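Read through the structure below, which is laid out as structure tokens, and then see the notes.
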Amino acid sequence: MPSESNLQTPVSGSLRLLPKDWAAPLPVEALRGPDALPLEVDVGCGKGRFLLARARAHPDTRFLGIDACLTRLEKIDRRIVRQGLGNIRLLYVEAYYAVTYLLPSAAVDAMYVLFPDPWPKRRHGSRRLFSAPFMDALARALIPGGVVHVATDHPEYIERIRVLFAGDRRFEPAPVFQPTEEERTDYELQFTAKGRSIGRSSWKKT
């Protein structure tokens, strides 16, 4: 495991990153590795189905899984170790905080925000992840040409996300990401089993 500044010594056998200073960005080397490999971030990695499948299929890419549920993250951690996937690191923290404060500037090649909480009630709209401040955080963390891939089963939310990106000159449309069968998240499998359609949107930092 990396031993750069702003990282505590990890728990033995764990691939979790533990910042010393939670208000400072993580070292780029801890995320991209000593060979400065491409970095993809799964924002809200859930049970890890997408994250693990993606990492298995792309061994020459580094991955960071972010989630605010410690129990889920610990289970993913054990699965990563059992499967010998040395190209994944994990971060136990809320998604907005991680992207805004912990990801280094111009460090991320691809960001996946798959099935964020839509907060469907009108009075809860301000709690949605996608907002003007989150757009600023995405633009800061992505490399030039880096991409953001979004998926949700909530039609109104995906339209709101498209409007945000379309009105931001820092981004332009990118080919829409389509996961392989192995990469489909647990949420997607649940939603499609109920007959719900999935809205997808992808955008590139100009």
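By order in the structure tokens, chains are A, B, ...; within a chain, residues start at 1; ligands start at 1, following the order shown.
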Discussion item. So that I can check the surroundings of A:Leu164, please list as a PyMOL selection string every protein, DNA and RNA residue that reaches within 12 Å of it, counting only C-alpha atoms and ignoring chain neighbours fewer than 5 positions away.
Written reply: chain A and resi 129-136+157-159+169-173+201+203
Worksheet item: Could you name the residues that touch A:Gly46 at 10 Å or less, counting only C-alpha atoms, but leaving out those on the same chain fewer than 3 positions away, as a list in words?
Response: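 My reading of the contact set: Asp42, Val43, Arg49, Phe50, Leu51, Gly65, Ile66, Asp67, Ala68, Cys69, Arg72, Leu73, Ile76, Leu114, Phe115, Thr185, Asp186 and Tyr187 of chain A.
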Fill in: DSSP strand (DSSP E or B) residues within stretch 44-171 of chain A, as a PyMOL selection string
chain A and resi 62-67+88-92+108-114+142-152+171
Worksheet entry | atom CA of A:Glu182 to atom CA of A:Ile198, straight-line distance in Å |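 Atom CA of A:Glu182 lies 16.3 Å from atom CA of A:Ile198.
Among the candidate residues A:Ser14, A:Arg56, A:Ser126, A:Tyr112, the one lying nearest to A:Arg89 is A:Ser14, with distances computed using only C-alpha atoms.
Proximity ranking of A:His58, A:His149, A:Arg78, A:Arg140 relative to A:Thr100 places A:Arg140 first, based on only C-alpha atoms.
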Discussion item. Among stretch 40-113 of chain A, which residues does DSSP mark as helix (DSSP H, G or I) when it is run on the backbone? Keep the chain and numbering as in the structure and answer as JSON, numbers by chain.
Written reply: {"A": [49, 50, 51, 52, 53, 54, 55, 56, 57, 70, 71, 72, 73, 74, 75, 76, 77, 78, 79, 80, 81, 82, 83, 95, 96, 97, 98, 99, 100, 101, 102]}
Worksheet item: Using only C-alpha atoms, which of the listed residues (A:Glu29, A:Asp60, A:Asp168, A:Asp35) sits closest to A:Asn87?
Response: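 Among the listed residues, the smallest separation from A:Asn87 belongs to A:Asp60.
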Fill in: atom CA of A:Leu91 to atom CA of A:Ile143, distance in Å rounded to a single decimal
20.2 Å
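Once stretch 102-108 of chain A and its same-chain neighbours fewer than 5 positions away are set aside, Pro25, Leu26, Leu39, Arg140, Ala141, Leu142 and Ile143 of chain A remain within 6 Å of it when counting only C-alpha atoms.
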Selected residues written out, C-alpha atoms, as a short mmCIF file (atom, residue, chain, number, x, y, z; two decimals), in the first residue's frame:
```
data_model
loop_
_atom_site.label_atom_id
_atom_site.label_comp_id
_atom_site.auth_asym_id
_atom_site.auth_seq_id
_atom_site.Cartn_x
_atom_site.Cartn_y
_atom_site.Cartn_z
CA PRO A 25 -6.53 16.18 -1.35
CA LEU A 26 -5.17 12.67 -1.44
CA LEU A 39 -7.73 6.59 -12.87
CA ARG A 140 -11.74 20.43 -11.02
CA ALA A 141 -11.10 16.71 -10.46
CA LEU A 142 -11.21 15.57 -14.10
CA ILE A 143 -8.28 15.76 -16.47
#
```
Can you list, as a PDB file with N, CA and C atoms, in the first residue's frame, every protein, DNA or RNA residue that comes within 6 Å of stretch 16-19 of chain A when you count only C-alpha atoms, leaving out same-chain residues fewer than 3 positions away?
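What follows is the written file around-v9.pdb:
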```pdb
ATOM      1  N   ASN A   6      -0.274  12.476   3.929  1.00  0.00           N
ATOM      2  CA  ASN A   6      -1.732  12.542   4.062  1.00  0.00           C
ATOM      3  C   ASN A   6      -2.400  11.181   3.956  1.00  0.00           C
ATOM      4  N   LEU A   7      -1.664  10.107   4.189  1.00  0.00           N
ATOM      5  CA  LEU A   7      -2.268   8.786   4.274  1.00  0.00           C
ATOM      6  C   LEU A   7      -1.790   8.091   5.541  1.00  0.00           C
ATOM      7  N   GLN A   8      -2.745   7.589   6.296  1.00  0.00           N
ATOM      8  CA  GLN A   8      -2.397   6.788   7.456  1.00  0.00           C
ATOM      9  C   GLN A   8      -2.000   5.386   7.003  1.00  0.00           C
ATOM     10  N   TRP A  22      -8.516  15.171   6.476  1.00  0.00           N
ATOM     11  CA  TRP A  22      -9.710  14.982   5.654  1.00  0.00           C
ATOM     12  C   TRP A  22     -10.118  16.246   4.900  1.00  0.00           C
ATOM     13  N   ARG A  89      -8.633   0.850  -5.041  1.00  0.00           N
ATOM     14  CA  ARG A  89      -8.557   1.398  -3.699  1.00  0.00           C
ATOM     15  C   ARG A  89      -9.955   1.860  -3.310  1.00  0.00           C
ATOM     16  N   LEU A  90     -10.206   1.962  -2.014  1.00  0.00           N
ATOM     17  CA  LEU A  90     -11.528   2.300  -1.510  1.00  0.00           C
ATOM     18  C   LEU A  90     -11.448   3.494  -0.570  1.00  0.00           C
ATOM     19  N   LEU A  91     -12.537   4.248  -0.523  1.00  0.00           N
ATOM     20  CA  LEU A  91     -12.593   5.429   0.331  1.00  0.00           C
ATOM     21  C   LEU A  91     -13.965   5.502   0.982  1.00  0.00           C
TER      22      LEU A  91
END
```
Practice prompt. Mind giving me the straight-line distance from atom CA of A:Glu181 to atom CA of A:Ala36 in Å, one decimal?
Written response: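 If I compute the distance from atom CA of A:Glu181 to atom CA of A:Ala36, I get 28.8 Å.
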Discussion item. Ranking A:Ala139, A:Ile80, A:Ala30, A:Leu64 by minimum distance to A:Leu52 and counting only C-alpha atoms, which one comes first?
Written reply: A:Ile80
Worksheet item: Of the candidates A:Pro179, A:Leu70, A:Pro118, A:Met111, which shows the shortest atom-to-atom distance to A:Gly145, using only C-alpha atoms?
Response: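 Among A:Pro179, A:Leu70, A:Pro118, A:Met111, it is A:Met111 that comes nearest to A:Gly145.
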For A:Ser202: contacts at 7 Å, only C-alpha atoms, fewer than 4 positions along chain excluded, given as a PDB file with all heavy atoms, in the first residue's frame:
```
ATOM      1  N   VAL A 147     -14.059  12.169 -18.580  1.00  0.00           N
ATOM      2  CA  VAL A 147     -15.493  11.996 -18.825  1.00  0.00           C
ATOM      3  C   VAL A 147     -16.260  11.663 -17.544  1.00  0.00           C
ATOM      4  O   VAL A 147     -15.701  11.094 -16.608  1.00  0.00           O
ATOM      5  CB  VAL A 147     -15.760  10.893 -19.880  1.00  0.00           C
ATOM      6  CG1 VAL A 147     -15.288  11.335 -21.253  1.00  0.00           C
ATOM      7  CG2 VAL A 147     -15.077   9.595 -19.468  1.00  0.00           C
ATOM      8  N   VAL A 148     -17.524  12.049 -17.559  1.00  0.00           N
ATOM      9  CA  VAL A 148     -18.459  11.714 -16.482  1.00  0.00           C
ATOM     10  C   VAL A 148     -19.573  10.874 -17.081  1.00  0.00           C
ATOM     11  O   VAL A 148     -20.183  11.272 -18.082  1.00  0.00           O
ATOM     12  CB  VAL A 148     -19.083  12.969 -15.844  1.00  0.00           C
ATOM     13  CG1 VAL A 148     -19.946  12.578 -14.639  1.00  0.00           C
ATOM     14  CG2 VAL A 148     -18.027  13.969 -15.438  1.00  0.00           C
ATOM     15  N   HIS A 149     -19.834   9.721 -16.485  1.00  0.00           N
ATOM     16  CA  HIS A 149     -20.905   8.847 -16.950  1.00  0.00           C
ATOM     17  C   HIS A 149     -21.960   8.747 -15.848  1.00  0.00           C
ATOM     18  O   HIS A 149     -21.634   8.433 -14.698  1.00  0.00           O
ATOM     19  CB  HIS A 149     -20.369   7.452 -17.269  1.00  0.00           C
ATOM     20  CG  HIS A 149     -19.288   7.444 -18.309  1.00  0.00           C
ATOM     21  ND1 HIS A 149     -19.494   7.844 -19.606  1.00  0.00           N
ATOM     22  CD2 HIS A 149     -17.970   7.078 -18.228  1.00  0.00           C
ATOM     23  CE1 HIS A 149     -18.361   7.714 -20.292  1.00  0.00           C
ATOM     24  NE2 HIS A 149     -17.429   7.258 -19.476  1.00  0.00           N
ATOM     25  N   VAL A 150     -23.212   8.998 -16.216  1.00  0.00           N
ATOM     26  CA  VAL A 150     -24.306   9.012 -15.248  1.00  0.00           C
ATOM     27  C   VAL A 150     -25.389   8.038 -15.684  1.00  0.00           C
ATOM     28  O   VAL A 150     -25.662   7.891 -16.884  1.00  0.00           O
ATOM     29  CB  VAL A 150     -24.922  10.423 -15.125  1.00  0.00           C
ATOM     30  CG1 VAL A 150     -25.950  10.465 -14.005  1.00  0.00           C
ATOM     31  CG2 VAL A 150     -23.834  11.473 -14.897  1.00  0.00           C
ATOM     32  N   PRO A 173     -20.974  16.960 -24.887  1.00  0.00           N
ATOM     33  CA  PRO A 173     -21.488  15.590 -24.932  1.00  0.00           C
ATOM     34  C   PRO A 173     -20.413  14.588 -25.332  1.00  0.00           C
ATOM     35  O   PRO A 173     -19.541  14.874 -26.147  1.00  0.00           O
ATOM     36  CB  PRO A 173     -22.599  15.654 -25.988  1.00  0.00           C
ATOM     37  CG  PRO A 173     -23.010  17.091 -26.012  1.00  0.00           C
ATOM     38  CD  PRO A 173     -21.754  17.876 -25.754  1.00  0.00           C
ATOM     39  N   ALA A 174     -20.485  13.403 -24.745  1.00  0.00           N
ATOM     40  CA  ALA A 174     -19.570  12.309 -25.056  1.00  0.00           C
ATOM     41  C   ALA A 174     -20.398  11.074 -25.386  1.00  0.00           C
ATOM     42  O   ALA A 174     -21.596  11.005 -25.055  1.00  0.00           O
ATOM     43  CB  ALA A 174     -18.654  12.026 -23.865  1.00  0.00           C
ATOM     44  N   PRO A 175     -19.807  10.080 -26.065  1.00  0.00           N
ATOM     45  CA  PRO A 175     -20.544   8.840 -26.320  1.00  0.00           C
ATOM     46  C   PRO A 175     -21.083   8.266 -25.017  1.00  0.00           C
ATOM     47  O   PRO A 175     -20.364   8.183 -24.023  1.00  0.00           O
ATOM     48  CB  PRO A 175     -19.484   7.926 -26.953  1.00  0.00           C
ATOM     49  CG  PRO A 175     -18.502   8.862 -27.575  1.00  0.00           C
ATOM     50  CD  PRO A 175     -18.446  10.052 -26.657  1.00  0.00           C
ATOM     51  N   VAL A 176     -22.337   7.890 -25.035  1.00  0.00           N
ATOM     52  CA  VAL A 176     -22.987   7.400 -23.813  1.00  0.00           C
ATOM     53  C   VAL A 176     -22.406   6.043 -23.416  1.00  0.00           C
ATOM     54  O   VAL A 176     -22.312   5.126 -24.236  1.00  0.00           O
ATOM     55  CB  VAL A 176     -24.508   7.302 -24.018  1.00  0.00           C
ATOM     56  CG1 VAL A 176     -25.176   6.680 -22.792  1.00  0.00           C
ATOM     57  CG2 VAL A 176     -25.088   8.685 -24.286  1.00  0.00           C
ATOM     58  N   PHE A 177     -22.013   5.942 -22.165  1.00  0.00           N
ATOM     59  CA  PHE A 177     -21.419   4.705 -21.654  1.00  0.00           C
ATOM     60  C   PHE A 177     -22.482   3.624 -21.495  1.00  0.00           C
ATOM     61  O   PHE A 177     -23.528   3.846 -20.878  1.00  0.00           O
ATOM     62  CB  PHE A 177     -20.757   4.971 -20.302  1.00  0.00           C
ATOM     63  CG  PHE A 177     -20.257   3.723 -19.612  1.00  0.00           C
ATOM     64  CD1 PHE A 177     -19.120   3.074 -20.068  1.00  0.00           C
ATOM     65  CD2 PHE A 177     -20.925   3.194 -18.517  1.00  0.00           C
ATOM     66  CE1 PHE A 177     -18.653   1.926 -19.442  1.00  0.00           C
ATOM     67  CE2 PHE A 177     -20.465   2.045 -17.879  1.00  0.00           C
ATOM     68  CZ  PHE A 177     -19.336   1.414 -18.346  1.00  0.00           C
TER      69      PHE A 177
END
```
